[in-house]
$ cat model.cif   # mmCIF, C-alpha atoms
data_target
loop_
_atom_site.group_PDB
_atom_site.id
_atom_site.type_symbol
_atom_site.label_atom_id
_atom_site.label_comp_id
_atom_site.auth_asym_id
_atom_site.auth_seq_id
_atom_site.Cartn_x
_atom_site.Cartn_y
_atom_site.Cartn_z
ATOM 1 C CA MET A 1 107.967 56.949 94.242
ATOM 2 C CA PHE A 2 105.419 56.255 91.498
ATOM 3 C CA PHE A 3 101.752 56.905 90.817
ATOM 4 C CA GLN A 4 99.534 56.437 87.774
ATOM 5 C CA LYS A 5 97.973 59.388 85.996
ATOM 6 C CA LYS A 6 96.057 58.875 82.762
ATOM 7 C CA GLU A 7 97.960 55.626 82.176
ATOM 8 C CA LYS A 8 101.294 57.412 82.381
ATOM 9 C CA ALA A 9 103.741 56.432 85.124
ATOM 10 C CA VAL A 10 105.212 59.454 86.884
ATOM 11 C CA SER A 11 108.126 59.307 89.298
ATOM 12 C CA ILE A 12 109.761 61.751 91.680
ATOM 13 C CA ASP A 13 113.422 61.853 92.587
ATOM 14 C CA MET A 14 113.625 61.021 96.289
ATOM 15 C CA THR A 15 117.074 62.658 96.453
ATOM 16 C CA ARG A 16 115.721 66.074 95.363
ATOM 17 C CA LEU A 17 112.707 66.553 97.596
ATOM 18 C CA PRO A 18 111.800 70.086 98.671
ATOM 19 C CA LYS A 19 112.738 70.532 102.324
ATOM 20 C CA HIS A 20 109.785 72.815 102.967
ATOM 21 C CA ILE A 21 106.323 72.806 101.382
ATOM 22 C CA ALA A 22 103.744 75.506 102.141
ATOM 23 C CA ILE A 23 100.063 74.844 101.476
ATOM 24 C CA ILE A 24 97.024 77.102 101.147
ATOM 25 C CA MET A 25 94.269 74.628 101.997
ATOM 26 C CA ASP A 26 91.405 76.059 99.920
ATOM 27 C CA GLY A 27 88.036 74.651 98.922
ATOM 28 C CA ASN A 28 86.412 73.367 102.115
ATOM 29 C CA GLY A 29 83.288 75.474 101.624
ATOM 30 C CA ARG A 30 82.854 74.514 97.965
ATOM 31 C CA TRP A 31 83.408 70.847 98.841
ATOM 32 C CA ALA A 32 80.539 71.068 101.331
ATOM 33 C CA ALA A 33 78.288 73.047 98.958
ATOM 34 C CA LYS A 34 78.713 70.414 96.218
ATOM 35 C CA ARG A 35 77.327 67.863 98.690
ATOM 36 C CA ALA A 36 74.575 70.122 100.084
ATOM 37 C CA LEU A 37 76.317 70.045 103.467
ATOM 38 C CA PRO A 38 76.910 72.918 105.934
ATOM 39 C CA ARG A 39 80.268 74.707 105.658
ATOM 40 C CA LYS A 40 81.412 73.283 108.983
ATOM 41 C CA ALA A 41 81.215 69.812 107.418
ATOM 42 C CA GLY A 42 83.662 71.016 104.790
ATOM 43 C CA HIS A 43 86.046 72.284 107.444
ATOM 44 C CA LYS A 44 85.824 68.944 109.256
ATOM 45 C CA ALA A 45 86.649 67.095 106.033
ATOM 46 C CA GLY A 46 89.474 69.559 105.419
ATOM 47 C CA ALA A 47 90.904 68.895 108.879
ATOM 48 C CA GLU A 48 90.840 65.164 108.172
ATOM 49 C CA ALA A 49 92.650 65.784 104.868
ATOM 50 C CA PHE A 50 95.277 67.800 106.769
ATOM 51 C CA GLU A 51 95.829 64.932 109.185
ATOM 52 C CA ARG A 52 96.270 62.460 106.309
ATOM 53 C CA LEU A 53 98.640 64.795 104.500
ATOM 54 C CA ILE A 54 100.961 65.133 107.487
ATOM 55 C CA THR A 55 101.381 61.368 107.681
ATOM 56 C CA GLU A 56 101.863 61.064 103.909
ATOM 57 C CA ALA A 57 104.359 63.939 103.691
ATOM 58 C CA LYS A 58 106.346 62.472 106.569
ATOM 59 C CA ASP A 59 106.406 59.081 104.829
ATOM 60 C CA ILE A 60 107.745 60.721 101.662
ATOM 61 C CA GLY A 61 110.480 62.500 103.609
ATOM 62 C CA ILE A 62 109.405 66.160 103.689
ATOM 63 C CA GLN A 63 111.101 68.010 106.556
ATOM 64 C CA HIS A 64 108.804 71.038 106.910
ATOM 65 C CA ILE A 65 105.128 71.613 106.089
ATOM 66 C CA THR A 66 103.428 74.980 106.643
ATOM 67 C CA VAL A 67 99.637 75.118 106.309
ATOM 68 C CA TYR A 68 97.366 78.153 106.222
ATOM 69 C CA ALA A 69 94.733 77.174 108.789
ATOM 70 C CA PHE A 70 93.167 80.537 109.708
ATOM 71 C CA SER A 71 94.081 83.947 108.326
ATOM 72 C CA THR A 72 93.788 87.406 109.858
ATOM 73 C CA GLU A 73 91.047 88.030 107.276
ATOM 74 C CA ASN A 74 89.019 84.939 108.223
ATOM 75 C CA TRP A 75 87.523 86.796 111.202
ATOM 76 C CA LYS A 76 85.238 88.468 108.639
ATOM 77 C CA ARG A 77 83.350 85.200 108.201
ATOM 78 C CA SER A 78 80.169 84.466 110.112
ATOM 79 C CA ASP A 79 80.408 83.848 113.851
ATOM 80 C CA GLU A 80 78.996 80.371 113.287
ATOM 81 C CA GLU A 81 81.750 79.445 110.830
ATOM 82 C CA VAL A 82 84.546 80.986 112.918
ATOM 83 C CA ASN A 83 83.310 79.165 116.033
ATOM 84 C CA ALA A 84 83.156 75.883 114.109
ATOM 85 C CA ILE A 85 86.768 76.329 112.946
ATOM 86 C CA MET A 86 87.927 77.136 116.477
ATOM 87 C CA ASP A 87 86.130 74.105 117.892
ATOM 88 C CA LEU A 88 87.886 71.967 115.284
ATOM 89 C CA MET A 89 91.198 73.476 116.328
ATOM 90 C CA ARG A 90 90.461 72.597 119.951
ATOM 91 C CA HIS A 91 89.685 69.018 118.952
ATOM 92 C CA TYR A 92 92.856 68.608 116.903
ATOM 93 C CA LEU A 93 95.084 70.216 119.510
ATOM 94 C CA LYS A 94 93.700 67.814 122.102
ATOM 95 C CA ASN A 95 93.582 64.649 120.014
ATOM 96 C CA SER A 96 95.267 64.427 116.621
ATOM 97 C CA PHE A 97 98.249 66.612 117.485
ATOM 98 C CA GLN A 98 98.971 64.341 120.430
ATOM 99 C CA ARG A 99 99.210 61.430 117.975
ATOM 100 C CA PHE A 100 101.645 63.426 115.857
ATOM 101 C CA LEU A 101 103.892 63.728 118.892
ATOM 102 C CA LYS A 102 104.170 59.940 119.037
ATOM 103 C CA ASP A 103 105.365 60.013 115.421
ATOM 104 C CA ASN A 104 108.264 62.343 116.283
ATOM 105 C CA VAL A 105 106.547 65.361 114.682
ATOM 106 C CA ARG A 106 107.277 68.846 116.015
ATOM 107 C CA MET A 107 104.361 71.269 116.079
ATOM 108 C CA HIS A 108 104.965 75.011 115.601
ATOM 109 C CA ILE A 109 102.257 77.667 115.456
ATOM 110 C CA ILE A 110 102.876 80.901 113.527
ATOM 111 C CA GLY A 111 100.726 84.015 113.619
ATOM 112 C CA ASP A 112 99.403 86.291 116.339
ATOM 113 C CA ILE A 113 97.706 83.872 118.724
ATOM 114 C CA SER A 114 96.854 86.633 121.234
ATOM 115 C CA ARG A 115 93.414 87.069 119.660
ATOM 116 C CA LEU A 116 92.539 83.383 120.094
ATOM 117 C CA ASP A 117 90.576 82.190 123.120
ATOM 118 C CA LYS A 118 92.722 81.611 126.167
ATOM 119 C CA ASP A 119 92.100 77.846 126.251
ATOM 120 C CA ILE A 120 93.338 77.522 122.658
ATOM 121 C CA GLN A 121 96.433 79.583 123.495
ATOM 122 C CA GLU A 122 97.143 77.271 126.425
ATOM 123 C CA GLN A 123 96.696 74.164 124.262
ATOM 124 C CA ILE A 124 99.075 75.621 121.667
ATOM 125 C CA GLN A 125 101.717 76.311 124.300
ATOM 126 C CA GLU A 126 101.338 72.796 125.685
ATOM 127 C CA VAL A 127 101.695 71.124 122.272
ATOM 128 C CA GLU A 128 104.700 73.256 121.319
ATOM 129 C CA GLU A 129 106.387 72.553 124.644
ATOM 130 C CA LYS A 130 105.802 68.806 124.402
ATOM 131 C CA SER A 131 107.076 68.622 120.839
ATOM 132 C CA LYS A 132 110.039 71.022 120.981
ATOM 133 C CA GLU A 133 112.600 68.189 121.209
ATOM 134 C CA LYS A 134 111.107 66.187 118.334
ATOM 135 C CA ASP A 135 113.504 65.953 115.407
ATOM 136 C CA GLY A 136 111.277 64.426 112.750
ATOM 137 C CA MET A 137 109.146 66.522 110.404
ATOM 138 C CA THR A 138 108.071 69.968 111.650
ATOM 139 C CA VAL A 139 104.499 71.095 111.028
ATOM 140 C CA HIS A 140 103.992 74.864 111.059
ATOM 141 C CA ILE A 141 100.352 75.880 111.438
ATOM 142 C CA ALA A 142 99.406 79.444 110.509
ATOM 143 C CA LEU A 143 96.706 80.608 112.949
ATOM 144 C CA ASN A 144 95.414 84.173 112.905
ATOM 145 C CA TYR A 145 98.231 84.676 110.423
ATOM 146 C CA GLY A 146 98.706 87.233 107.677
ATOM 147 C CA GLY A 147 101.895 87.964 105.776
ATOM 148 C CA ARG A 148 101.498 91.744 106.120
ATOM 149 C CA ASP A 149 100.718 91.406 109.819
ATOM 150 C CA GLU A 150 103.825 89.260 110.294
ATOM 151 C CA LEU A 151 106.008 91.852 108.545
ATOM 152 C CA LEU A 152 104.446 94.626 110.625
ATOM 153 C CA ARG A 153 105.146 92.739 113.848
ATOM 154 C CA SER A 154 108.707 92.092 112.666
ATOM 155 C CA VAL A 155 109.270 95.810 112.030
ATOM 156 C CA GLN A 156 107.827 96.639 115.441
ATOM 157 C CA LYS A 157 110.208 94.200 117.149
ATOM 158 C CA ILE A 158 113.219 95.619 115.304
ATOM 159 C CA THR A 159 112.152 99.218 116.034
ATOM 160 C CA GLU A 160 111.811 98.436 119.730
ATOM 161 C CA LYS A 161 115.301 96.908 119.757
ATOM 162 C CA ALA A 162 116.673 99.976 117.976
ATOM 163 C CA LEU A 163 115.023 102.339 120.459
ATOM 164 C CA ASN A 164 116.466 100.300 123.320
ATOM 165 C CA GLY A 165 119.949 100.460 121.823
ATOM 166 C CA GLN A 166 120.074 96.720 121.150
ATOM 167 C CA ILE A 167 120.637 97.286 117.422
ATOM 168 C CA TYR A 168 121.794 100.194 115.239
ATOM 169 C CA LEU A 169 119.836 101.248 112.166
ATOM 170 C CA GLN A 170 122.839 100.787 109.864
ATOM 171 C CA ASP A 171 123.155 97.194 111.042
ATOM 172 C CA ILE A 172 119.622 96.178 109.988
ATOM 173 C CA THR A 173 119.785 93.658 107.135
ATOM 174 C CA GLU A 174 117.517 91.101 105.476
ATOM 175 C CA GLU A 175 118.792 88.627 108.044
ATOM 176 C CA THR A 176 117.586 90.956 110.814
ATOM 177 C CA ILE A 177 114.080 90.887 109.375
ATOM 178 C CA GLU A 178 114.148 87.098 108.974
ATOM 179 C CA GLU A 179 115.270 86.674 112.572
ATOM 180 C CA ASN A 180 112.182 88.555 113.727
ATOM 181 C CA LEU A 181 109.625 86.711 111.596
ATOM 182 C CA ASP A 182 107.404 83.946 112.984
ATOM 183 C CA THR A 183 109.433 81.501 110.872
ATOM 184 C CA ALA A 184 112.847 82.490 112.258
ATOM 185 C CA GLY A 185 115.294 79.624 111.792
ATOM 186 C CA VAL A 186 113.036 77.789 109.316
ATOM 187 C CA PRO A 187 114.152 77.353 105.678
ATOM 188 C CA ASP A 188 112.009 79.195 103.147
ATOM 189 C CA PRO A 189 109.504 76.992 101.310
ATOM 190 C CA GLU A 190 110.734 75.807 97.931
ATOM 191 C CA LEU A 191 107.199 74.867 96.898
ATOM 192 C CA LEU A 192 103.853 76.572 97.559
ATOM 193 C CA ILE A 193 100.696 74.596 96.804
ATOM 194 C CA ARG A 194 97.213 76.112 96.588
ATOM 195 C CA THR A 195 94.190 73.891 96.058
ATOM 196 C CA SER A 196 90.708 74.462 94.574
ATOM 197 C CA GLY A 197 91.815 76.186 91.363
ATOM 198 C CA GLU A 198 92.363 79.644 92.853
ATOM 199 C CA GLU A 199 95.605 81.335 91.801
ATOM 200 C CA ARG A 200 96.280 83.878 94.527
ATOM 201 C CA ILE A 201 98.801 84.145 97.370
ATOM 202 C CA SER A 202 96.190 85.567 99.773
ATOM 203 C CA ASN A 203 98.641 87.262 102.128
ATOM 204 C CA PHE A 204 100.499 84.029 102.951
ATOM 205 C CA LEU A 205 104.234 83.984 103.755
ATOM 206 C CA LEU A 206 104.878 87.099 101.667
ATOM 207 C CA TRP A 207 108.548 87.359 102.643
ATOM 208 C CA GLN A 208 109.324 83.643 102.652
ATOM 209 C CA ILE A 209 107.959 82.697 99.219
ATOM 210 C CA ALA A 210 110.088 85.172 97.239
ATOM 211 C CA TYR A 211 111.626 82.280 95.259
ATOM 212 C CA SER A 212 109.115 79.506 95.868
ATOM 213 C CA GLU A 213 107.725 77.512 92.959
ATOM 214 C CA LEU A 214 103.940 78.039 92.823
ATOM 215 C CA TYR A 215 101.683 75.063 92.115
ATOM 216 C CA PHE A 216 97.926 75.520 91.694
ATOM 217 C CA SER A 217 95.745 72.418 91.876
ATOM 218 C CA ASN A 218 92.087 72.224 90.835
ATOM 219 C CA VAL A 219 91.438 69.641 93.559
ATOM 220 C CA LEU A 220 89.333 70.869 96.485
ATOM 221 C CA TRP A 221 91.301 70.578 99.700
ATOM 222 C CA PRO A 222 89.257 67.789 101.374
ATOM 223 C CA ASP A 223 89.931 65.618 98.299
ATOM 224 C CA PHE A 224 93.661 66.369 98.142
ATOM 225 C CA ASN A 225 95.625 63.153 98.687
ATOM 226 C CA LYS A 226 99.063 61.605 98.415
ATOM 227 C CA LYS A 227 98.806 61.286 94.631
ATOM 228 C CA ASP A 228 98.135 65.011 94.369
ATOM 229 C CA LEU A 229 101.052 65.787 96.676
ATOM 230 C CA VAL A 230 103.394 63.645 94.602
ATOM 231 C CA GLU A 231 102.143 65.382 91.451
ATOM 232 C CA ALA A 232 103.012 68.769 92.974
ATOM 233 C CA ILE A 233 106.498 67.563 93.935
ATOM 234 C CA TYR A 234 106.976 66.193 90.399
ATOM 235 C CA TYR A 235 106.076 69.650 89.044
ATOM 236 C CA TYR A 236 108.598 71.260 91.411
ATOM 237 C CA GLN A 237 111.374 68.877 90.406
ATOM 238 C CA ASN A 238 110.848 69.714 86.743
ATOM 239 C CA ARG A 239 111.173 73.455 87.209
ATOM 240 C CA GLU A 240 114.470 75.242 86.534
ATOM 241 C CA ARG A 241 115.244 77.224 89.676
ATOM 242 C CA ARG A 242 117.475 80.207 88.799
ATOM 243 C CA PHE A 243 116.880 82.555 91.763
ATOM 244 C CA GLY A 244 117.273 85.578 89.483
ATOM 245 C CA GLY A 245 120.704 84.439 88.331
ATOM 246 C CA ARG A 246 119.849 84.588 84.648
#

$ encode --input "model.cif" --output "structure tokens"
Amino acid sequence: MFFQKKEKAVSIDMTRLPKHIAIIMDGNGRWAAKRALPRKAGHKAGAEAFERLITEAKDIGIQHITVYAFSTENWKRSDEEVNAIMDLMRHYLKNSFQRFLKDNVRMHIIGDISRLDKDIQEQIQEVEEKSKEKDGMTVHIALNYGGRDELLRSVQKITEKALNGQIYLQDITEETIEENLDTAGVPDPELLIRTSGEERISNFLLWQIAYSELYFSNVLWPDFNKKDLVEAIYYYQNRERRFGGR
């Protein structure tokens, strides 16, 4: 696959694609502010960029995409902004996600959805149930998600099993922890992308990104497109991945 950047042709090796890409979709608010628009307009544009990206990533051949849609810390934002984000989620669960199903895309929500409104929880369950047999690309959406919260919930699950005699303390391994994470059974992301120029992890997939390549783009999320995705994959393919071996 090729794209032009500053008159230089860049190509990616289609035989060495990352199986799993994680994305911190940052910059919706700044995108709106630059255009003198309300923040909810930025979130709407960001949701449209997400929808485009799923189609483009699937066309490239990516097997797993995990996006940070709403963090455990995002509840600190104004009620107006939180409500706007939740209304967008309702819209996409009802409309766009249904279109993804037709494209053989499996939808998987990670995070503690118990704090979400009941109608959103029901929509999530419906979408996951309808898509569970899909064997194309899997889209993991982090909703009310935080890496520390996920690890805490994992420890709680393991502790409960230990107290019930289902597992012995000496038998707890890294695999035990992984099996009790929201991403159980999902390969760790090889590439983490964050947009908008920020260079932080922001409590996202803290266990899973131990050996991920980190790519920080200056592009605001609503403007992120296929060219930018290909550029990130090109960066990944030109890294030497040693996994601590030397």

$ atom_distance --input "model.cif" --atom1 "CA of Glu179 (chain A)" --atom2 "CA of Tyr236 (chain A)"
27.0 Å

$ resolve_selection --input "model.cif" --expression "the PyMOL selection byres ((chain A and resi 186) around 12)" --output "list in words"
Lys19, His20, Ile21, Ala22, Gln63, His64, Ile65, Thr66, His108, Ile110, Met137, Thr138, Val139, His140, Glu178, Glu179, Asn180, Leu181, Asp182, Thr183, Ala184, Gly185, Pro187, Asp188, Pro189, Glu190 and Gln208 of chain A

$ closest_atom_pairs --input "model.cif" --of "region 17-58 of chain A" --to "region 86-105 of chain A" --cutoff "9 Å" --atoms "all atoms listed in the file" --output "tab-separated table"
residue	atom	partner	partner_atom	distance
A:His43	CA	A:Leu88	CA	8.1
A:Lys44	CA	A:Leu88	CA	7.1
A:Ala47	CA	A:Leu88	CA	7.7
A:Glu51	CA	A:Ser96	CA	7.5
A:Ile54	CA	A:Phe100	CA	8.6
A:Thr55	CA	A:Phe100	CA	8.4
A:Lys58	CA	A:Val105	CA	8.6

$ atom_distance --input "model.cif" --atom1 "CA of Tyr68 (chain A)" --atom2 "CA of Glu126 (chain A)"
20.6 Å

$ atom_distance --input "model.cif" --atom1 "CA of Asn238 (chain A)" --atom2 "CA of Phe216 (chain A)"
15.0 Å

$ closest_residue --input "model.cif" --among "A:Asn83, A:Ser202, A:Gln123, A:Gln237" --to "Met14 (chain A)" --atoms "only C-alpha atoms"
A:Gln237

$ closest_residue --input "model.cif" --among "A:Ala45, A:Asn203, A:Leu191, A:Pro18" --to "Asn74 (chain A)" --atoms "all atoms listed in the file"
A:Asn203

$ resolve_selection --input "model.cif" --expression "the PyMOL selection byres ((chain A and resi 201) around 12)" --output "NGL selection string"
:A and (22-26 or 68 or 71 or 146-148 or 192-195 or 198-200 or 202-210 or 212-216)

$ residues_around --input "model.cif" --residues "Ile158 (chain A)" --least-positions-apart "3" --cutoff "12 Å" --atoms "only C-alpha atoms" --output "number ranges by chain"
A: 151-155, 161-169, 171-181
